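*Asks:* Just input35.cif, nothing more (mmCIF, C-alpha atoms):
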```cif
data_query
loop_
_atom_site.label_atom_id
_atom_site.label_comp_id
_atom_site.auth_asym_id
_atom_site.auth_seq_id
_atom_site.Cartn_x
_atom_site.Cartn_y
_atom_site.Cartn_z
CA MET A 1114 -3.40 -25.68 -9.26
CA ASP A 1115 -0.29 -23.59 -8.68
CA LEU A 1116 -2.18 -20.49 -9.87
CA LEU A 1117 -4.94 -21.12 -7.35
CA ILE A 1118 -2.46 -21.51 -4.49
CA ASP A 1119 -0.50 -18.49 -5.69
CA ARG A 1120 -3.62 -16.33 -5.82
CA TRP A 1121 -4.65 -17.57 -2.37
CA LEU A 1122 -1.22 -16.62 -0.97
CA HIS A 1123 -1.40 -13.27 -2.81
CA ILE A 1124 -4.70 -12.39 -1.16
CA MET A 1125 -3.62 -13.57 2.32
CA ALA A 1126 -0.35 -11.62 2.12
CA GLY A 1127 -2.23 -8.61 0.73
CA ILE A 1128 -4.69 -8.64 3.62
CA THR A 1129 -1.80 -8.85 6.09
CA TRP A 1130 0.02 -5.96 4.39
CA ILE A 1131 -2.89 -3.59 3.89
CA GLY A 1132 -4.46 -4.58 7.22
CA LEU A 1133 -1.29 -3.54 9.04
CA LEU A 1134 -1.06 -0.38 6.89
CA TYR A 1135 -4.59 0.57 8.01
CA TYR A 1136 -3.72 -0.32 11.62
CA PHE A 1137 -0.73 2.07 11.49
CA ASN A 1138 -2.68 4.88 9.81
CA PHE A 1139 -6.10 4.61 11.42
CA ILE A 1140 -5.18 3.42 14.92
CA GLN A 1141 -1.54 3.60 16.01
CA VAL A 1142 -0.35 6.94 14.60
CA PRO A 1143 -3.48 8.95 15.58
CA SER A 1144 -3.26 7.47 19.12
CA MET A 1145 0.46 8.15 19.70
CA ALA A 1146 0.02 11.57 21.33
CA LYS A 1147 -2.36 10.15 23.97
CA ILE A 1148 -0.22 7.03 24.42
CA LYS A 1149 2.81 9.26 25.12
CA GLU A 1150 0.79 11.34 27.62
CA ASP A 1151 -0.17 8.10 29.33
CA GLY A 1152 3.50 7.10 29.56
CA SER A 1153 2.96 3.82 27.72
CA ALA A 1154 4.72 4.64 24.45
CA THR A 1155 7.44 2.07 25.14
CA ALA A 1156 4.97 -0.79 24.64
CA ILE A 1157 4.34 0.48 21.11
CA THR A 1158 7.85 1.56 20.11
CA LYS A 1159 9.74 -1.34 21.67
CA PHE A 1160 7.41 -4.30 21.19
CA ILE A 1161 4.35 -3.75 18.99
CA ALA A 1162 5.65 -1.51 16.17
CA PRO A 1163 8.81 -3.56 15.40
CA LYS A 1164 6.80 -6.79 15.16
CA ALA A 1165 4.03 -5.12 13.13
CA LEU A 1166 6.67 -3.66 10.76
CA LEU A 1167 8.29 -7.09 10.37
CA TRP A 1168 5.01 -8.66 9.17
CA PHE A 1169 4.17 -5.50 7.20
CA ARG A 1170 7.30 -5.35 5.04
CA TRP A 1171 7.59 -9.08 4.34
CA ALA A 1172 3.86 -9.36 3.57
CA ALA A 1173 4.34 -6.49 1.10
CA LEU A 1174 7.13 -8.38 -0.68
CA VAL A 1175 5.20 -11.68 -0.74
CA THR A 1176 2.13 -9.86 -2.10
CA TRP A 1177 4.13 -8.34 -4.94
CA LEU A 1178 6.01 -11.56 -5.81
CA THR A 1179 2.88 -13.74 -5.82
CA GLY A 1180 1.10 -11.09 -7.90
CA ALA A 1181 3.95 -10.97 -10.41
CA TYR A 1182 3.99 -14.78 -10.60
CA TYR A 1183 0.24 -14.83 -11.21
CA LEU A 1184 0.50 -12.34 -14.06
CA GLU A 1185 3.29 -14.29 -15.73
CA ARG A 1186 1.75 -17.75 -15.33
CA SER A 1187 -1.79 -16.69 -16.24
CA GLY A 1188 -0.65 -15.34 -19.61
CA ILE A 1189 -1.38 -11.67 -18.86
CA GLY A 1190 2.32 -10.85 -18.52
CA LEU A 1191 3.96 -8.53 -16.01
CA GLY A 1192 5.50 -6.47 -18.82
CA ASP A 1193 2.15 -6.02 -20.58
CA ALA A 1194 0.55 -5.00 -17.29
CA PHE A 1195 3.24 -2.36 -16.70
CA MET A 1196 2.78 -1.13 -20.28
CA LEU A 1197 -1.05 -1.00 -19.72
CA LYS A 1198 -1.48 -3.04 -22.89
CA GLU A 1199 -5.00 -3.91 -24.05
CA THR A 1200 -6.84 -6.11 -21.52
CA ALA A 1201 -3.93 -5.85 -19.07
CA GLY A 1202 -4.67 -2.12 -18.66
CA ASN A 1203 -6.89 -2.32 -15.58
CA ILE A 1204 -4.76 -4.77 -13.66
CA GLY A 1205 -1.75 -2.77 -14.91
CA LEU A 1206 -2.93 0.32 -13.04
CA GLY A 1207 -3.17 -1.84 -9.91
CA VAL A 1208 0.30 -3.23 -10.60
CA TRP A 1209 1.78 0.26 -10.91
CA MET A 1210 0.25 1.36 -7.61
CA GLY A 1211 1.23 -1.87 -5.84
CA THR A 1212 4.80 -1.48 -7.08
CA ILE A 1213 5.03 2.14 -5.93
CA MET A 1214 3.65 1.01 -2.56
CA LEU A 1215 6.25 -1.78 -2.28
CA PHE A 1216 8.99 0.79 -3.05
CA ASN A 1217 7.60 3.08 -0.35
CA VAL A 1218 7.60 0.26 2.20
CA TRP A 1219 11.19 -0.89 1.67
CA VAL A 1220 12.91 2.36 0.63
CA LEU A 1221 11.05 5.04 2.59
CA ILE A 1222 9.02 3.59 5.47
CA TRP A 1223 11.22 0.82 6.88
CA PRO A 1224 14.63 2.62 6.87
CA ASN A 1225 13.07 5.74 8.41
CA GLN A 1226 11.03 3.79 10.98
CA LYS A 1227 14.24 2.12 12.14
CA LYS A 1228 15.56 5.59 13.04
CA VAL A 1229 12.29 6.64 14.70
CA LEU A 1230 12.11 3.48 16.81
CA GLY A 1231 15.77 3.69 17.83
CA MET A 1232 16.78 0.51 15.99
CA VAL A 1233 19.62 2.47 14.37
CA GLU A 1234 21.55 5.47 15.71
CA ALA A 1235 20.08 8.86 14.77
CA SER A 1236 20.10 12.39 16.21
CA ASP A 1237 16.85 13.94 17.45
CA GLU A 1238 16.75 16.13 14.33
CA ALA A 1239 17.26 13.12 12.05
CA LYS A 1240 14.50 11.24 13.92
CA LEU A 1241 12.05 14.10 13.38
CA LYS A 1242 12.86 14.19 9.67
CA ALA A 1243 12.60 10.40 9.42
CA ALA A 1244 9.21 10.43 11.17
CA ARG A 1245 7.87 12.95 8.66
CA ILE A 1246 9.12 10.97 5.64
CA ALA A 1247 7.77 7.70 7.04
CA LEU A 1248 4.38 9.27 7.81
CA LEU A 1249 3.99 10.78 4.34
CA ALA A 1250 5.07 7.55 2.62
CA SER A 1251 2.65 5.57 4.77
CA ARG A 1252 -0.20 8.00 4.09
CA THR A 1253 0.65 7.90 0.36
CA ASN A 1254 0.33 4.11 0.49
CA THR A 1255 -3.01 4.37 2.30
CA MET A 1256 -4.25 6.77 -0.39
CA LEU A 1257 -2.95 4.51 -3.21
CA SER A 1258 -4.43 1.39 -1.62
CA ILE A 1259 -7.95 2.66 -2.38
CA PRO A 1260 -7.63 2.79 -6.21
CA MET A 1261 -5.15 -0.11 -6.15
CA LEU A 1262 -7.79 -2.42 -4.61
CA PHE A 1263 -10.41 -1.09 -7.02
CA PHE A 1264 -8.26 -1.96 -10.04
CA MET A 1265 -7.28 -5.36 -8.59
CA VAL A 1266 -11.01 -6.16 -8.38
CA ALA A 1267 -11.71 -4.59 -11.79
CA GLY A 1268 -8.78 -6.49 -13.26
CA SER A 1269 -10.39 -9.84 -12.53
CA THR A 1270 -12.29 -10.83 -15.62
CA ALA A 1271 -15.73 -11.09 -14.00
CA HIS A 1272 -15.97 -7.32 -13.56
CA MET A 1273 -14.05 -6.11 -16.59
CA GLY A 1274 -17.03 -5.78 -18.92
CA LEU A 1275 -19.17 -4.33 -16.17
CA MET A 1276 -16.61 -1.60 -15.56
CA MET A 1277 -16.24 -0.68 -19.18
CA ASN A 1278 -19.98 -0.88 -19.99
CA PRO A 1279 -21.82 -0.24 -16.71
CA MET B 961 -2.89 24.91 1.50
CA LYS B 962 -2.65 22.03 3.96
CA ASN B 963 -1.34 18.68 2.80
CA PRO B 964 -4.38 16.35 2.67
CA LEU B 965 -2.14 13.45 3.71
CA ASP B 966 -1.67 15.08 7.13
CA SER B 967 -5.09 13.80 8.16
CA VAL B 968 -6.70 10.38 7.88
CA VAL B 969 -9.89 11.85 6.40
CA GLY B 970 -7.89 13.84 3.83
CA THR B 971 -5.98 10.68 2.90
CA ILE B 972 -9.19 8.67 2.34
CA ILE B 973 -10.82 11.47 0.32
CA SER B 974 -7.64 11.75 -1.81
CA GLY B 975 -7.77 7.99 -2.43
CA LEU B 976 -11.42 8.13 -3.48
CA VAL B 977 -10.80 11.10 -5.80
CA LEU B 978 -7.81 9.32 -7.34
CA THR B 979 -9.99 6.22 -7.87
CA VAL B 980 -12.59 8.25 -9.79
CA VAL B 981 -9.90 9.96 -11.91
CA LEU B 982 -8.20 6.65 -12.76
CA PHE B 983 -11.56 4.98 -13.45
CA TYR B 984 -12.34 7.52 -16.18
CA PHE B 985 -8.76 7.28 -17.46
CA ALA B 986 -9.11 3.50 -17.73
CA LYS B 987 -12.60 3.71 -19.25
CA ASN B 988 -11.55 6.17 -21.95
CA PHE B 989 -7.95 5.29 -22.70
CA LEU B 990 -7.34 1.64 -21.78
CA GLY B 991 -8.27 -1.68 -23.37
#
```
Show me the file's structure as structure tokens.
*Replies:*
Amino acid sequence: MDLLIDRWLHIMAGITWIGLLYYFNFIQVPSMAKIKEDGSATAITKFIAPKALLWFRWAALVTWLTGAYYLERSGIGLGDAFMLKETAGNIGLGVWMGTIMLFNVWVLIWPNQKKVLGMVEASDEAKLKAARIALLASRTNTMLSIPMLFFMVAGSTAHMGLMMNP
Amino acid sequence: MKNPLDSVVGTIISGLVLTVVLFYFAKNFLG
């Protein structure tokens, strides 16, 4: 029962995380130039982005933790997944990408977004540099999310044989 | 050469290409 609830939480948190990642990359960032022209950037930078980032980073952590718990409790093993051992290989690729993405969220995106949004003191030059780092880390996560989701699906047993012997 | 991650389309194409590469890696070298 705990595995079922854990997996349910994992998928809900994952949808929240990747949904917000796609919102940032497909909607908010490409619209920022027009929003600034319109003079309504404050609504995004002061109210929407901070709240979206709050859900984004904590959903990322919950996704990773519930995924790690699932691997340990289901007998696959987090260590074996990281080592791409035998049947843990497919899910292991997903684990590697999910872990890199979690690192990007907490170490690259969030600290740099705090500078961009004025939540911490930063010069204009530092803000420009922070915006570039945050954008590239966010785009890297969007790119990685595509194979990561593929290998999460492939890692579930129902599709394993199909993938290896299509 | 432009960084593909500078555009949304480039990012999606990069993700799809990486999926294909990793699929064949998994098929040939993993479990």
*Asks:* Ranking A:Ala1172, A:Val1220, A:Met1214, A:Val1229 by minimum distance to Ile1157 of chain A and counting only C-alpha atoms, which one comes first?
*Replies:*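 The answer is A:Val1229, which sits nearest to Ile1157 of chain A.
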*Asks:* Please find the residues of chain B near chain A - the criterion being any atom within 8 Å, counting all atoms listed in the file - and write them as a list in words.
*Replies:* Leu965, Asp966, Val968, Thr971, Ile972, Ser974, Gly975, Leu976, Leu978, Thr979, Leu982, Ala986, Lys987, Leu990 and Gly991 of chain B
*Asks:* Check which residues satisfy the PyMOL selection byres ((chain A and resi 1173) around 9) in the file shown, then give them as a VMD selection string.
*Replies:* chain A and resid 1126 to 1127 1129 to 1131 1168 to 1172 1174 to 1178 1211 1214 to 1215 1218 to 1219
*Asks:* Can you work out which one of A:Ile1140, A:Leu1184, A:Leu1134, A:Leu1122 has the shortest atom-to-atom distance to Ile1222 of chain A, counting only C-alpha atoms?
*Replies:*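 Comparing A:Ile1140, A:Leu1184, A:Leu1134, A:Leu1122 against Ile1222 of chain A, the winner is A:Leu1134.
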*Asks:* For atom CA of Met1125 of chain A and atom CA of Ala1181 of chain A, determine how far apart the two atoms are, in Å to one decimal place.
*Replies:*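 Separating atom CA of Met1125 of chain A from atom CA of Ala1181 of chain A is a distance of 15.0 Å.
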